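Student: Please find model.csv (CSV, C-alpha atoms and all ligand atoms) on the next line:
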chain,number,residue,atom,x,y,z
B,1,MET,CA,-94.9,0.5,-114.2
B,2,ARG,CA,-96.0,2.8,-117.1
B,3,ILE,CA,-99.7,3.1,-117.7
B,4,ALA,CA,-101.5,4.6,-120.6
B,5,VAL,CA,-105.1,5.9,-120.6
B,6,VAL,CA,-106.5,6.0,-124.1
B,7,GLY,CA,-109.7,8.2,-124.4
B,8,ALA,CA,-108.6,10.3,-121.4
B,9,SER,CA,-111.1,13.1,-122.0
B,10,GLY,CA,-114.2,10.8,-122.1
B,11,ALA,CA,-116.5,9.8,-119.3
B,12,VAL,CA,-114.7,6.5,-118.6
B,13,GLY,CA,-111.2,8.1,-119.2
B,14,GLN,CA,-111.8,10.8,-116.6
B,15,GLU,CA,-112.9,8.1,-114.2
B,16,PHE,CA,-109.7,6.2,-114.8
B,17,LEU,CA,-107.7,9.2,-113.5
B,18,LYS,CA,-109.8,9.3,-110.4
B,19,VAL,CA,-109.7,5.5,-109.7
B,20,LEU,CA,-105.9,5.3,-110.3
B,21,GLU,CA,-105.4,8.2,-107.9
B,22,GLN,CA,-107.8,7.1,-105.2
B,23,ARG,CA,-106.5,3.5,-105.2
B,24,ASN,CA,-102.9,4.8,-105.2
B,25,PHE,CA,-102.2,2.5,-108.1
B,26,PRO,CA,-98.5,1.6,-108.2
B,27,LEU,CA,-97.3,3.5,-111.3
B,28,ASP,CA,-94.2,5.4,-112.2
B,29,GLU,CA,-95.7,7.2,-115.2
B,30,LEU,CA,-99.1,7.9,-116.6
B,31,VAL,CA,-99.5,8.8,-120.3
B,32,LEU,CA,-102.8,10.1,-121.7
B,33,PHE,CA,-104.0,9.7,-125.2
B,34,GLY,CA,-106.9,11.1,-127.2
B,35,SER,CA,-107.9,12.2,-130.7
B,36,ALA,CA,-106.7,15.4,-132.3
B,37,ARG,CA,-109.8,17.0,-130.6
B,38,SER,CA,-108.3,16.6,-127.1
B,39,ALA,CA,-104.6,16.4,-127.9
B,40,GLY,CA,-102.8,19.2,-125.9
B,41,LYS,CA,-105.5,19.3,-123.2
B,42,LYS,CA,-104.2,19.1,-119.6
B,43,TYR,CA,-105.6,17.0,-116.8
B,44,SER,CA,-104.3,16.9,-113.3
B,45,PHE,CA,-103.2,13.6,-111.7
B,46,LYS,CA,-101.7,13.4,-108.2
B,47,GLY,CA,-101.0,17.2,-108.2
B,48,LYS,CA,-99.2,17.1,-111.6
B,49,GLU,CA,-100.5,18.3,-115.0
B,50,LEU,CA,-100.5,15.7,-117.7
B,51,THR,CA,-101.0,16.7,-121.4
B,52,VAL,CA,-103.0,14.5,-123.7
B,53,LYS,CA,-101.0,13.1,-126.7
B,54,GLU,CA,-102.6,12.3,-130.0
B,55,LEU,CA,-103.1,8.6,-130.6
B,56,LYS,CA,-101.2,7.7,-133.7
B,57,HIS,CA,-99.8,4.6,-135.4
B,58,ASN,CA,-96.2,5.0,-134.0
B,59,ASP,CA,-94.1,3.6,-131.2
B,60,ASP,CA,-95.6,5.6,-128.4
B,61,PHE,CA,-96.6,2.4,-126.6
B,62,LYS,CA,-93.0,0.9,-126.6
B,63,ASP,CA,-92.4,1.4,-122.9
B,64,ILE,CA,-96.0,1.1,-121.8
B,65,ASP,CA,-96.8,-1.9,-119.5
B,66,ILE,CA,-100.6,-1.6,-119.4
B,67,ALA,CA,-103.0,0.5,-121.6
B,68,LEU,CA,-106.4,1.2,-120.3
B,69,VAL,CA,-108.4,1.9,-123.4
B,70,SER,CA,-111.8,3.5,-123.7
B,71,ALA,CA,-112.2,5.3,-127.0
B,72,GLY,CA,-114.9,3.2,-128.6
B,73,GLY,CA,-114.9,-0.1,-130.5
B,74,SER,CA,-113.6,1.2,-133.9
B,75,ILE,CA,-110.6,2.9,-132.3
B,76,SER,CA,-109.8,-0.2,-130.2
B,77,LYS,CA,-109.8,-2.4,-133.4
B,78,GLU,CA,-107.8,0.1,-135.4
B,79,PHE,CA,-105.1,0.6,-132.7
B,80,ALA,CA,-104.9,-2.8,-131.0
B,81,GLU,CA,-101.8,-3.8,-133.0
B,82,THR,CA,-100.1,-0.4,-132.3
B,83,ILE,CA,-100.8,-0.6,-128.6
B,84,THR,CA,-99.8,-4.3,-128.0
B,85,LYS,CA,-97.0,-4.9,-130.5
B,86,HIS,CA,-94.2,-4.0,-128.1
B,87,GLY,CA,-95.7,-6.1,-125.3
B,88,ALA,CA,-98.2,-3.7,-123.6
B,89,ILE,CA,-101.3,-5.3,-122.2
B,90,MET,CA,-104.4,-3.6,-123.5
B,91,ILE,CA,-107.4,-3.7,-121.2
B,92,ASP,CA,-110.2,-2.7,-123.5
B,93,ASN,CA,-113.6,-1.2,-122.4
B,94,SER,CA,-115.2,-1.5,-125.8
B,95,SER,CA,-117.2,-4.4,-127.2
B,96,ALA,CA,-114.6,-4.9,-130.0
B,97,PHE,CA,-112.9,-8.1,-128.7
B,98,ARG,CA,-115.2,-9.3,-125.9
B,99,MET,CA,-116.4,-12.4,-127.6
B,100,ASP,CA,-113.2,-13.4,-129.3
B,101,GLU,CA,-112.1,-16.8,-128.1
B,102,ASP,CA,-108.5,-15.8,-127.5
B,103,VAL,CA,-109.4,-12.7,-125.5
B,104,PRO,CA,-110.4,-13.2,-121.9
B,105,LEU,CA,-113.4,-11.3,-120.7
B,106,VAL,CA,-112.9,-10.6,-117.0
B,107,VAL,CA,-114.7,-9.5,-113.9
B,108,PRO,CA,-112.2,-10.0,-111.1
B,109,GLU,CA,-114.7,-11.0,-108.4
B,110,VAL,CA,-115.9,-13.8,-110.8
B,111,ASN,CA,-113.1,-15.0,-113.2
B,112,ALA,CA,-109.9,-13.2,-112.4
B,113,GLU,CA,-107.8,-16.2,-113.3
B,114,ASP,CA,-108.9,-15.9,-117.0
B,115,ALA,CA,-106.8,-12.7,-117.2
B,116,LYS,CA,-103.7,-14.9,-117.0
B,117,ASN,CA,-104.3,-16.3,-120.5
B,118,ALA,CA,-104.2,-13.4,-122.9
B,119,PRO,CA,-102.3,-14.6,-126.0
B,120,ARG,CA,-103.0,-11.4,-127.9
B,121,ASN,CA,-102.1,-9.1,-125.0
B,122,ILE,CA,-105.7,-8.0,-125.0
B,123,ILE,CA,-108.1,-8.4,-122.0
B,124,ALA,CA,-111.7,-7.2,-122.5
B,125,ASN,CA,-113.7,-5.4,-119.9
B,126,PRO,CA,-117.3,-6.6,-120.1
B,127,ASN,CA,-120.4,-4.5,-120.9
B,128,CYS,CA,-121.4,-2.4,-117.9
B,129,THR,CA,-124.8,-3.9,-117.4
B,130,THR,CA,-123.3,-7.4,-117.5
B,131,ILE,CA,-120.5,-6.6,-114.9
B,132,GLN,CA,-122.9,-5.6,-112.1
B,133,MET,CA,-125.2,-8.5,-112.8
B,134,VAL,CA,-122.5,-11.2,-112.8
B,135,VAL,CA,-121.0,-10.0,-109.6
B,136,ALA,CA,-124.4,-10.6,-108.0
B,137,LEU,CA,-125.2,-13.8,-109.9
B,138,ASN,CA,-121.9,-15.3,-108.9
B,139,ALA,CA,-122.9,-15.2,-105.2
B,140,ILE,CA,-126.0,-17.3,-105.9
B,141,GLU,CA,-124.2,-19.6,-108.3
B,142,LYS,CA,-122.1,-20.7,-105.4
B,143,ILE,CA,-125.3,-22.1,-103.7
B,144,SER,CA,-127.0,-23.6,-106.7
B,145,HIS,CA,-126.4,-23.5,-110.4
B,146,ILE,CA,-128.4,-20.7,-112.1
B,147,LYS,CA,-130.4,-22.0,-115.1
B,148,ARG,CA,-132.1,-18.9,-116.3
B,149,VAL,CA,-132.2,-15.1,-115.7
B,150,HIS,CA,-134.7,-12.5,-116.8
B,151,VAL,CA,-133.5,-9.0,-116.3
B,152,SER,CA,-134.8,-5.5,-117.0
B,153,THR,CA,-132.2,-2.7,-116.9
B,154,TYR,CA,-132.7,1.0,-116.0
B,155,GLN,CA,-129.6,2.6,-117.6
B,156,ALA,CA,-128.3,6.0,-116.9
B,157,ALA,CA,-127.7,8.7,-119.6
B,158,SER,CA,-123.9,8.5,-118.9
B,159,GLY,CA,-123.8,5.0,-120.3
B,160,ALA,CA,-123.7,6.9,-123.6
B,161,GLY,CA,-120.6,8.8,-122.6
B,162,ALA,CA,-120.0,12.4,-121.7
B,163,LYS,CA,-122.3,13.6,-124.5
B,164,GLY,CA,-125.2,11.5,-123.1
B,165,MET,CA,-124.9,13.1,-119.7
B,166,ALA,CA,-124.6,16.6,-121.2
B,167,GLU,CA,-127.7,16.0,-123.4
B,168,LEU,CA,-129.9,15.0,-120.4
B,169,GLU,CA,-128.9,18.1,-118.4
B,170,GLU,CA,-129.5,20.3,-121.4
B,171,GLN,CA,-132.9,18.8,-122.1
B,172,TYR,CA,-134.0,19.4,-118.5
B,173,LYS,CA,-132.7,23.0,-118.7
B,174,SER,CA,-134.6,23.5,-122.0
B,175,ILE,CA,-137.8,22.2,-120.5
B,176,VAL,CA,-137.6,24.5,-117.4
B,177,ASN,CA,-136.9,27.4,-119.8
B,178,GLY,CA,-140.0,26.5,-122.0
B,179,GLU,CA,-137.7,25.7,-124.9
B,180,GLU,CA,-137.8,22.6,-127.2
B,181,PRO,CA,-135.2,20.0,-125.9
B,182,GLN,CA,-132.6,19.0,-128.5
B,183,VAL,CA,-132.1,15.3,-129.3
B,184,SER,CA,-128.9,13.8,-130.7
B,185,ALA,CA,-127.2,11.3,-128.3
B,186,PHE,CA,-130.4,9.2,-127.9
B,187,GLN,CA,-133.2,8.1,-130.2
B,188,TYR,CA,-135.8,10.3,-128.5
B,189,GLN,CA,-136.0,13.0,-125.8
B,190,LEU,CA,-134.8,11.3,-122.6
B,191,ALA,CA,-135.8,13.9,-120.0
B,192,MET,CA,-139.2,13.0,-118.7
B,193,ASN,CA,-139.1,9.8,-120.7
B,194,MET,CA,-137.7,6.3,-120.8
B,195,ILE,CA,-136.4,4.6,-124.0
B,196,PRO,CA,-136.7,0.8,-124.3
B,197,GLN,CA,-133.7,0.7,-126.7
B,198,VAL,CA,-130.0,0.7,-125.8
B,199,ASP,CA,-127.8,0.2,-128.8
B,200,VAL,CA,-129.1,-1.0,-132.1
B,201,PHE,CA,-131.6,-3.8,-132.9
B,202,ALA,CA,-130.1,-7.1,-133.8
B,203,ASP,CA,-131.3,-10.8,-133.9
B,204,ASP,CA,-134.9,-11.7,-133.0
B,205,ASP,CA,-135.7,-8.0,-132.2
B,206,TYR,CA,-133.3,-8.0,-129.2
B,207,THR,CA,-130.9,-5.0,-129.1
B,208,LYS,CA,-127.2,-5.6,-129.2
B,209,GLU,CA,-127.0,-4.5,-125.5
B,210,GLU,CA,-129.5,-7.2,-124.6
B,211,LEU,CA,-127.5,-9.8,-126.5
B,212,LYS,CA,-124.3,-8.7,-124.8
B,213,MET,CA,-126.0,-9.6,-121.5
B,214,TYR,CA,-126.7,-13.1,-122.8
B,215,ASN,CA,-123.4,-13.8,-124.4
B,216,GLU,CA,-121.0,-12.1,-122.0
B,217,THR,CA,-122.6,-13.6,-118.9
B,218,ARG,CA,-122.1,-17.1,-120.3
B,219,LYS,CA,-118.5,-16.4,-121.2
B,220,ILE,CA,-117.6,-14.8,-117.8
B,221,MET,CA,-119.4,-17.4,-115.7
B,222,HIS,CA,-118.3,-20.3,-117.9
B,223,SER,CA,-121.9,-21.4,-117.7
B,224,ASP,CA,-124.8,-22.5,-119.9
B,225,ILE,CA,-127.0,-19.9,-118.1
B,226,GLN,CA,-129.8,-18.5,-120.2
B,227,VAL,CA,-130.3,-14.7,-120.0
B,228,SER,CA,-133.2,-12.8,-121.5
B,229,ALA,CA,-132.8,-9.0,-121.0
B,230,THR,CA,-134.8,-5.8,-121.8
B,231,CYS,CA,-132.5,-2.8,-121.6
B,232,VAL,CA,-134.1,0.6,-121.0
B,233,ARG,CA,-132.5,4.1,-120.9
B,234,VAL,CA,-133.8,6.2,-118.0
B,235,PRO,CA,-133.5,9.9,-117.3
B,236,ILE,CA,-130.9,9.8,-114.6
B,237,LEU,CA,-127.3,10.8,-114.8
B,238,ARG,CA,-125.3,8.0,-113.4
B,239,ALA,CA,-125.4,4.4,-112.1
B,240,HIS,CA,-127.4,1.6,-113.7
B,241,SER,CA,-130.1,-0.3,-111.9
B,242,GLU,CA,-131.4,-3.8,-112.7
B,243,SER,CA,-134.4,-5.9,-111.8
B,244,VAL,CA,-133.2,-9.5,-111.9
B,245,TRP,CA,-135.3,-12.8,-111.8
B,246,VAL,CA,-133.2,-15.9,-111.3
B,247,GLU,CA,-134.2,-19.5,-111.7
B,248,THR,CA,-131.8,-21.9,-109.9
B,249,GLU,CA,-131.4,-25.7,-110.2
B,250,LYS,CA,-132.2,-26.2,-106.5
B,251,PRO,CA,-134.5,-23.9,-104.6
B,252,VAL,CA,-132.5,-21.1,-102.8
B,253,SER,CA,-134.2,-19.2,-100.0
B,254,PRO,CA,-134.0,-15.4,-99.7
B,255,GLU,CA,-132.1,-15.8,-96.4
B,256,GLU,CA,-129.5,-18.0,-98.1
B,257,ALA,CA,-129.2,-15.6,-101.0
B,258,LYS,CA,-128.9,-12.6,-98.6
B,259,GLU,CA,-126.1,-14.4,-96.6
B,260,ALA,CA,-124.3,-15.1,-99.9
B,261,PHE,CA,-124.6,-11.5,-101.0
B,262,ARG,CA,-123.4,-10.3,-97.6
B,263,ASN,CA,-120.3,-12.5,-97.8
B,264,SER,CA,-119.3,-11.8,-101.4
B,265,GLU,CA,-116.5,-9.5,-102.4
B,266,GLY,CA,-117.7,-6.4,-104.2
B,267,ILE,CA,-121.3,-6.6,-103.0
B,268,VAL,CA,-123.1,-4.5,-100.4
B,269,LEU,CA,-126.4,-5.9,-99.3
B,270,MET,CA,-128.9,-3.0,-98.7
B,271,ASP,CA,-132.1,-4.8,-97.8
B,272,ASN,CA,-134.4,-3.7,-95.0
B,273,VAL,CA,-137.9,-3.3,-96.1
B,274,GLU,CA,-139.2,-2.1,-92.7
B,275,LYS,CA,-136.7,0.8,-92.9
B,276,LYS,CA,-137.3,1.3,-96.6
B,277,GLU,CA,-133.7,0.4,-97.3
B,278,TYR,CA,-132.9,-0.5,-100.8
B,279,PRO,CA,-130.3,0.6,-103.4
B,280,MET,CA,-131.0,3.8,-105.5
B,281,PRO,CA,-128.8,5.3,-108.1
B,282,LEU,CA,-129.1,8.8,-106.9
B,283,PHE,CA,-127.3,7.9,-103.7
B,284,LEU,CA,-124.8,5.3,-105.1
B,285,ALA,CA,-123.2,7.2,-108.0
B,286,GLY,CA,-119.4,7.3,-107.4
B,287,LYS,CA,-119.3,4.2,-105.2
B,288,ASP,CA,-117.3,1.1,-106.0
B,289,GLU,CA,-119.6,-1.8,-105.1
B,290,VAL,CA,-122.6,-3.5,-106.5
B,291,PHE,CA,-125.5,-2.8,-104.2
B,292,VAL,CA,-128.2,-5.5,-103.8
B,293,GLY,CA,-131.6,-5.2,-102.2
B,294,ARG,CA,-135.3,-6.3,-102.5
B,295,VAL,CA,-134.2,-9.9,-102.3
B,296,ARG,CA,-137.3,-12.2,-102.2
B,297,LYS,CA,-138.8,-15.4,-103.4
B,298,ASP,CA,-140.3,-15.3,-106.8
B,299,ILE,CA,-143.9,-16.2,-106.1
B,300,SER,CA,-144.5,-17.4,-109.6
B,301,ASN,CA,-141.6,-20.0,-109.5
B,302,PRO,CA,-140.6,-22.4,-106.7
B,303,ASN,CA,-137.0,-22.3,-107.9
B,304,GLY,CA,-137.1,-18.5,-108.4
B,305,LEU,CA,-135.5,-15.6,-106.6
B,306,THR,CA,-135.7,-12.0,-107.5
B,307,PHE,CA,-133.6,-9.0,-106.5
B,308,TRP,CA,-132.7,-5.4,-107.5
B,309,CYS,CA,-129.2,-4.2,-107.9
B,310,VAL,CA,-127.5,-0.8,-108.5
B,311,SER,CA,-123.9,0.0,-109.4
B,312,ASP,CA,-122.1,3.0,-110.9
B,313,GLN,CA,-121.5,1.9,-114.4
B,314,ILE,CA,-118.7,4.3,-115.2
B,315,ARG,CA,-116.9,3.0,-112.1
B,316,LYS,CA,-117.5,-0.7,-111.5
B,317,GLY,CA,-119.0,-1.0,-115.0
B,318,ALA,CA,-115.9,0.4,-116.7
B,319,ALA,CA,-112.9,2.2,-115.1
B,320,LEU,CA,-112.8,0.4,-111.7
B,321,ASN,CA,-113.2,-3.1,-113.2
B,322,ALA,CA,-110.4,-2.4,-115.6
B,323,VAL,CA,-108.1,-1.1,-112.9
B,324,GLN,CA,-108.9,-4.2,-110.7
B,325,ILE,CA,-107.8,-6.4,-113.7
B,326,ALA,CA,-104.6,-4.4,-113.9
B,327,GLU,CA,-104.0,-4.8,-110.1
B,328,PHE,CA,-104.6,-8.5,-110.5
B,329,LEU,CA,-102.0,-8.7,-113.3
B,330,ILE,CA,-99.4,-6.9,-111.2
B,331,LYS,CA,-100.0,-9.1,-108.2
B,332,ASN,CA,-99.7,-12.2,-110.3
V,1,LIG,N1,-119.9,5.4,-120.3
V,1,LIG,C1,-120.1,4.2,-119.8
V,1,LIG,O1,-120.9,4.0,-118.8
V,1,LIG,C2,-119.3,3.0,-120.3
V,1,LIG,C3,-119.3,1.9,-119.6
V,1,LIG,C4,-118.6,0.8,-120.0
V,1,LIG,C5,-117.9,0.8,-121.2
V,1,LIG,N2,-117.9,2.0,-121.9
V,1,LIG,C6,-117.1,2.0,-123.1
V,1,LIG,O2,-116.0,2.9,-123.0
V,1,LIG,C7,-115.7,3.5,-124.2
V,1,LIG,C8,-115.7,5.0,-124.0
V,1,LIG,O3,-116.9,5.4,-123.5
V,1,LIG,P1,-117.2,6.8,-122.9
V,1,LIG,O4,-118.5,6.7,-122.2
V,1,LIG,O5,-116.0,7.3,-122.0
V,1,LIG,O6,-117.3,7.7,-124.2
V,1,LIG,P2,-117.0,9.3,-124.3
V,1,LIG,O7,-117.3,10.1,-123.1
V,1,LIG,O8,-117.8,9.7,-125.6
V,1,LIG,O9,-115.4,9.4,-124.6
V,1,LIG,C9,-114.9,8.9,-125.8
V,1,LIG,C10,-113.4,9.0,-125.7
V,1,LIG,O10,-112.8,8.4,-126.9
V,1,LIG,C11,-111.8,9.3,-127.4
V,1,LIG,N3,-111.6,9.1,-128.8
V,1,LIG,C12,-112.5,9.2,-129.8
V,1,LIG,N4,-111.9,9.1,-131.0
V,1,LIG,C13,-110.6,8.9,-130.8
V,1,LIG,C14,-109.4,8.7,-131.6
V,1,LIG,N5,-109.5,8.7,-132.9
V,1,LIG,N6,-108.2,8.6,-131.0
V,1,LIG,C15,-108.1,8.6,-129.7
V,1,LIG,N7,-109.2,8.8,-128.8
V,1,LIG,C16,-110.4,8.9,-129.4
V,1,LIG,C17,-112.4,10.7,-127.1
V,1,LIG,O11,-111.3,11.6,-127.2
V,1,LIG,P3,-111.5,13.1,-127.8
V,1,LIG,O12,-112.1,13.9,-126.8
V,1,LIG,O13,-110.1,13.4,-128.2
V,1,LIG,O14,-112.4,12.9,-129.0
V,1,LIG,C18,-112.9,10.5,-125.7
V,1,LIG,O15,-111.9,10.6,-124.8
V,1,LIG,C19,-116.7,3.0,-125.2
V,1,LIG,O16,-116.2,1.9,-125.9
V,1,LIG,C20,-117.9,2.6,-124.3
V,1,LIG,O17,-118.7,1.6,-124.9
V,1,LIG,C21,-118.6,3.1,-121.5
Translate this file's structure into C-alpha cells.

Tutor:
Amino acid sequence: MRIAVVGASGAVGQEFLKVLEQRNFPLDELVLFGSARSAGKKYSFKGKELTVKELKHNDDFKDIDIALVSAGGSISKEFAETITKHGAIMIDNSSAFRMDEDVPLVVPEVNAEDAKNAPRNIIANPNCTTIQMVVALNAIEKISHIKRVHVSTYQAASGAGAKGMAELEEQYKSIVNGEEPQVSAFQYQLAMNMIPQVDVFADDDYTKEELKMYNETRKIMHSDIQVSATCVRVPILRAHSESVWVETEKPVSPEEAKEAFRNSEGIVLMDNVEKKEYPMPLFLAGKDEVFVGRVRKDISNPNGLTFWCVSDQIRKGAALNAVQIAEFLIKN
C-alpha cells in the first residue's frame, strides 16, 4: 500500500501524518507532495525523515494506491487527472468535486458504502462543519426523519489553514504589546472579535460555507432535509462548535436522542448540566470524536430538539475522516 499526502506542509497535511501514524495505518510507503515552496522540506513519520516532492504533471502517482489531497480546490482540479490516471484513488479535502454526481461525498459513520462507487477514482471529503453535524444528525435520523435544521456555527481560526492560526496568535501578541494587529487571512481582525462570514457571499446572501451545509448534508444523508446555517468565525485556534436546532417528523424526546447519541459510532455524549458538563473546543482539540451536549426539547416547537456539538475540524473535519475512508476502502 503506497499512500501520498498532497499538501503535506499545511494544517490538514500535517494532521494526516499524525493520524496515519497514530492509527498505525497499514502502509508500505508514504510519499509527500507540496508546491515549490515546501519541496525539499523534511517531515518525520514513524521515526523516518520524508522529503516533500514538488507536485508536477508527471508520472509520480503511477505506483500510488491512495492519495490524500489537501492543497485547495484549484490544485485538486488541476491535478485530479495526474493523480488518478494510473488508478490511484484520490480522497480530496477541497470543495472542488463534492457536489459532482459521479463523485461520492463520504462520512464513514453515515454513508461509507457510497465510497464503493467512485467511477472517476475521486472520493470527496465533506466540508468540516458538515461532517460533524451529519455524524450527530444521523443518530437522530434513525429515530425519526429530520425535516429541518437550523444551525449556527462557531468556527476556529484554523479552519482557514495554517495562516489563519498564525494570524490569530499574532493578533493577540500585537494587542498585548500595544501594537496594531495585522489583518490578511480574515475579512477583519479576529482577535477579540467574531466574524459572521466564512467564505464568500453567494445566493440569497448566504455564504458559500452556509450553502455547503445545505447541499452536502442532503447528499451525504440521501435526504430531503432542509438546512439553514449561519457560519461564524470565532477567535479560538482549533475545533469548531455548532448550535443545532432539529425538527423531526415525529416528536423525539431528549432522553431518546441522548440514548441514540450514546450508542452511535464516532459520538461522545457529554451532557450533565448539574455538573456543568458540556463540550468545549478548548478541551477537545486533537480528539477524534464529535462531542454532543446541551441536548434538550426545543420549547418553541413540539417536534423540535436542540443540542450543541464540538469536534476538531482538522481531525474529524478533514484528515481523520479521509483516513477513515481509506481504511474502509482497504477493508472492502
Ligand atoms: N483547515 C481546515 O480545518 C480544513 C478542514 C477541512 C478541509 N480543509 C481543506 O483542506 C485543504 C487544505 O487546507 P489547509 O487548512 O491545510 O490549508 P493550508 O494550511 O493553507 O495548507 C495548504 C497546503 O496546500 C499546499 N499547496 C498549495 N499550492 C500547492 C501547489 N501548487 N502544489 C502542491 N501543493 C500546494 C501547500 O503547500 P506549500 O507549503 O508548498 O505551499 C500546503 O501544504 C483546503 O482545500 C481546505 O478547504 C481544511

Student: Which residue out of B:Glu210, B:Phe97, B:Arg238, B:Ala11 has the minimum interatomic distance to Ala162 of chain B when all atoms listed in the file are used?

Tutor: B:Ala11

Student: Kindly provide, as a PyMOL selection string, all nucleotide and amino acid residues lying within 6 Å of ligand LIG 1 (chain V), counting all atoms listed in the file.

Tutor: chain B and resi 7-13+34-38+55+70-73+75+93-94+127-128+158-162+313-314+317-318

Student: Check the smallest atom-to-atom distance from each of B:Ala118, B:Val268, B:Ala257, B:Leu20 to Pro104 of chain B using all atoms listed in the file, then report the winner.

Tutor: B:Ala118

Student: Under the rule of at most 12 Å, produce a per-residue listing of segment 143-190 of chain B near segment 217-220 of chain B: chain, number, name, the closest pair of atoms, and the distance in Å, as JSON lines, using all atoms listed in the file.

Tutor:
{"residue": "B:Ile146", "atom": "CA", "partner": "B:Arg218", "partner_atom": "CA", "distance": 10.9}
{"residue": "B:Lys147", "atom": "CA", "partner": "B:Arg218", "partner_atom": "CA", "distance": 11.0}
{"residue": "B:Arg148", "atom": "CA", "partner": "B:Arg218", "partner_atom": "CA", "distance": 10.9}
{"residue": "B:Val149", "atom": "CA", "partner": "B:Thr217", "partner_atom": "CA", "distance": 10.2}

Student: Could you check which of B:Val234, B:Val310, B:Met90, B:Val323 is closest to Tyr154 of chain B, using all atoms listed in the file?

Tutor: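 Closest residue, counting all atoms listed in the file: B:Val234.
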
Student: Do you know which residues are at most 12 Å from Val273 of chain B counting all atoms listed in the file, after dropping those on the same chain fewer than 2 positions away, and could you put them as JSON, numbers by chain?

Tutor: {"B": [270, 271, 275, 276, 277, 278, 279, 293, 294, 295, 296]}

Student: Using all atoms listed in the file, pick whichever of B:Val134, B:Ala191, B:Val151, B:Ala157 has the shortest atom-to-atom distance to Ala229 of chain B.

Tutor: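 Closest candidate: B:Val151.
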
Student: Tell me which of B:Asn301, B:Gln189, B:Asn117, B:Gln182 sits closest to Leu329 of chain B, counting only C-alpha atoms.

Tutor: B:Asn117

Student: Got a sec: who's within 6 Å of Val244 of chain B, counting all atoms listed in the file, leaving out chain neighbours fewer than 3 positions off, as a CSV table (one decimal) with C-alpha atoms, keeping the file's coordinate frame?

Tutor:
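New file out.csv:
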chain,number,residue,atom,x,y,z
B,150,HIS,CA,-134.7,-12.5,-116.8
B,151,VAL,CA,-133.5,-9.0,-116.3
B,306,THR,CA,-135.7,-12.0,-107.5
B,307,PHE,CA,-133.6,-9.0,-106.5

Student: From the coordinates supplied, segment 53-64 of chain B should be written with N, CA and C atoms, as a PDB file, in the first residue's frame.

Tutor:
ATOM      1  N   LYS B  53       8.108  16.263  -2.109  1.00  0.00           N
ATOM      2  CA  LYS B  53       8.389  16.360  -3.555  1.00  0.00           C
ATOM      3  C   LYS B  53       7.514  17.461  -4.138  1.00  0.00           C
ATOM      4  N   GLU B  54       7.973  18.080  -5.190  1.00  0.00           N
ATOM      5  CA  GLU B  54       7.120  19.094  -5.825  1.00  0.00           C
ATOM      6  C   GLU B  54       6.039  18.406  -6.667  1.00  0.00           C
ATOM      7  N   LEU B  55       4.813  18.841  -6.499  1.00  0.00           N
ATOM      8  CA  LEU B  55       3.696  18.286  -7.265  1.00  0.00           C
ATOM      9  C   LEU B  55       3.793  18.790  -8.702  1.00  0.00           C
ATOM     10  N   LYS B  56       3.897  17.852  -9.620  1.00  0.00           N
ATOM     11  CA  LYS B  56       4.058  18.237 -11.030  1.00  0.00           C
ATOM     12  C   LYS B  56       3.194  17.332 -11.897  1.00  0.00           C
ATOM     13  N   HIS B  57       2.970  17.754 -13.134  1.00  0.00           N
ATOM     14  CA  HIS B  57       2.230  16.905 -14.069  1.00  0.00           C
ATOM     15  C   HIS B  57       3.193  15.879 -14.660  1.00  0.00           C
ATOM     16  N   ASN B  58       3.358  14.779 -13.953  1.00  0.00           N
ATOM     17  CA  ASN B  58       4.260  13.718 -14.430  1.00  0.00           C
ATOM     18  C   ASN B  58       3.684  12.361 -13.991  1.00  0.00           C
ATOM     19  N   ASP B  59       4.504  11.340 -13.884  1.00  0.00           N
ATOM     20  CA  ASP B  59       4.000  10.009 -13.531  1.00  0.00           C
ATOM     21  C   ASP B  59       4.301   9.625 -12.089  1.00  0.00           C
ATOM     22  N   ASP B  60       4.472  10.622 -11.221  1.00  0.00           N
ATOM     23  CA  ASP B  60       4.804  10.348  -9.814  1.00  0.00           C
ATOM     24  C   ASP B  60       3.735   9.523  -9.083  1.00  0.00           C
ATOM     25  N   PHE B  61       2.508   9.510  -9.608  1.00  0.00           N
ATOM     26  CA  PHE B  61       1.430   8.789  -8.902  1.00  0.00           C
ATOM     27  C   PHE B  61       1.204   7.385  -9.473  1.00  0.00           C
ATOM     28  N   LYS B  62       2.134   6.960 -10.339  1.00  0.00           N
ATOM     29  CA  LYS B  62       1.980   5.675 -11.023  1.00  0.00           C
ATOM     30  C   LYS B  62       1.799   4.511 -10.046  1.00  0.00           C
ATOM     31  N   ASP B  63       2.593   4.495  -8.981  1.00  0.00           N
ATOM     32  CA  ASP B  63       2.510   3.366  -8.049  1.00  0.00           C
ATOM     33  C   ASP B  63       1.769   3.711  -6.763  1.00  0.00           C
ATOM     34  N   ILE B  64       1.104   4.851  -6.754  1.00  0.00           N
ATOM     35  CA  ILE B  64       0.371   5.251  -5.540  1.00  0.00           C
ATOM     36  C   ILE B  64      -1.005   4.580  -5.551  1.00  0.00           C
TER      37      ILE B  64
END
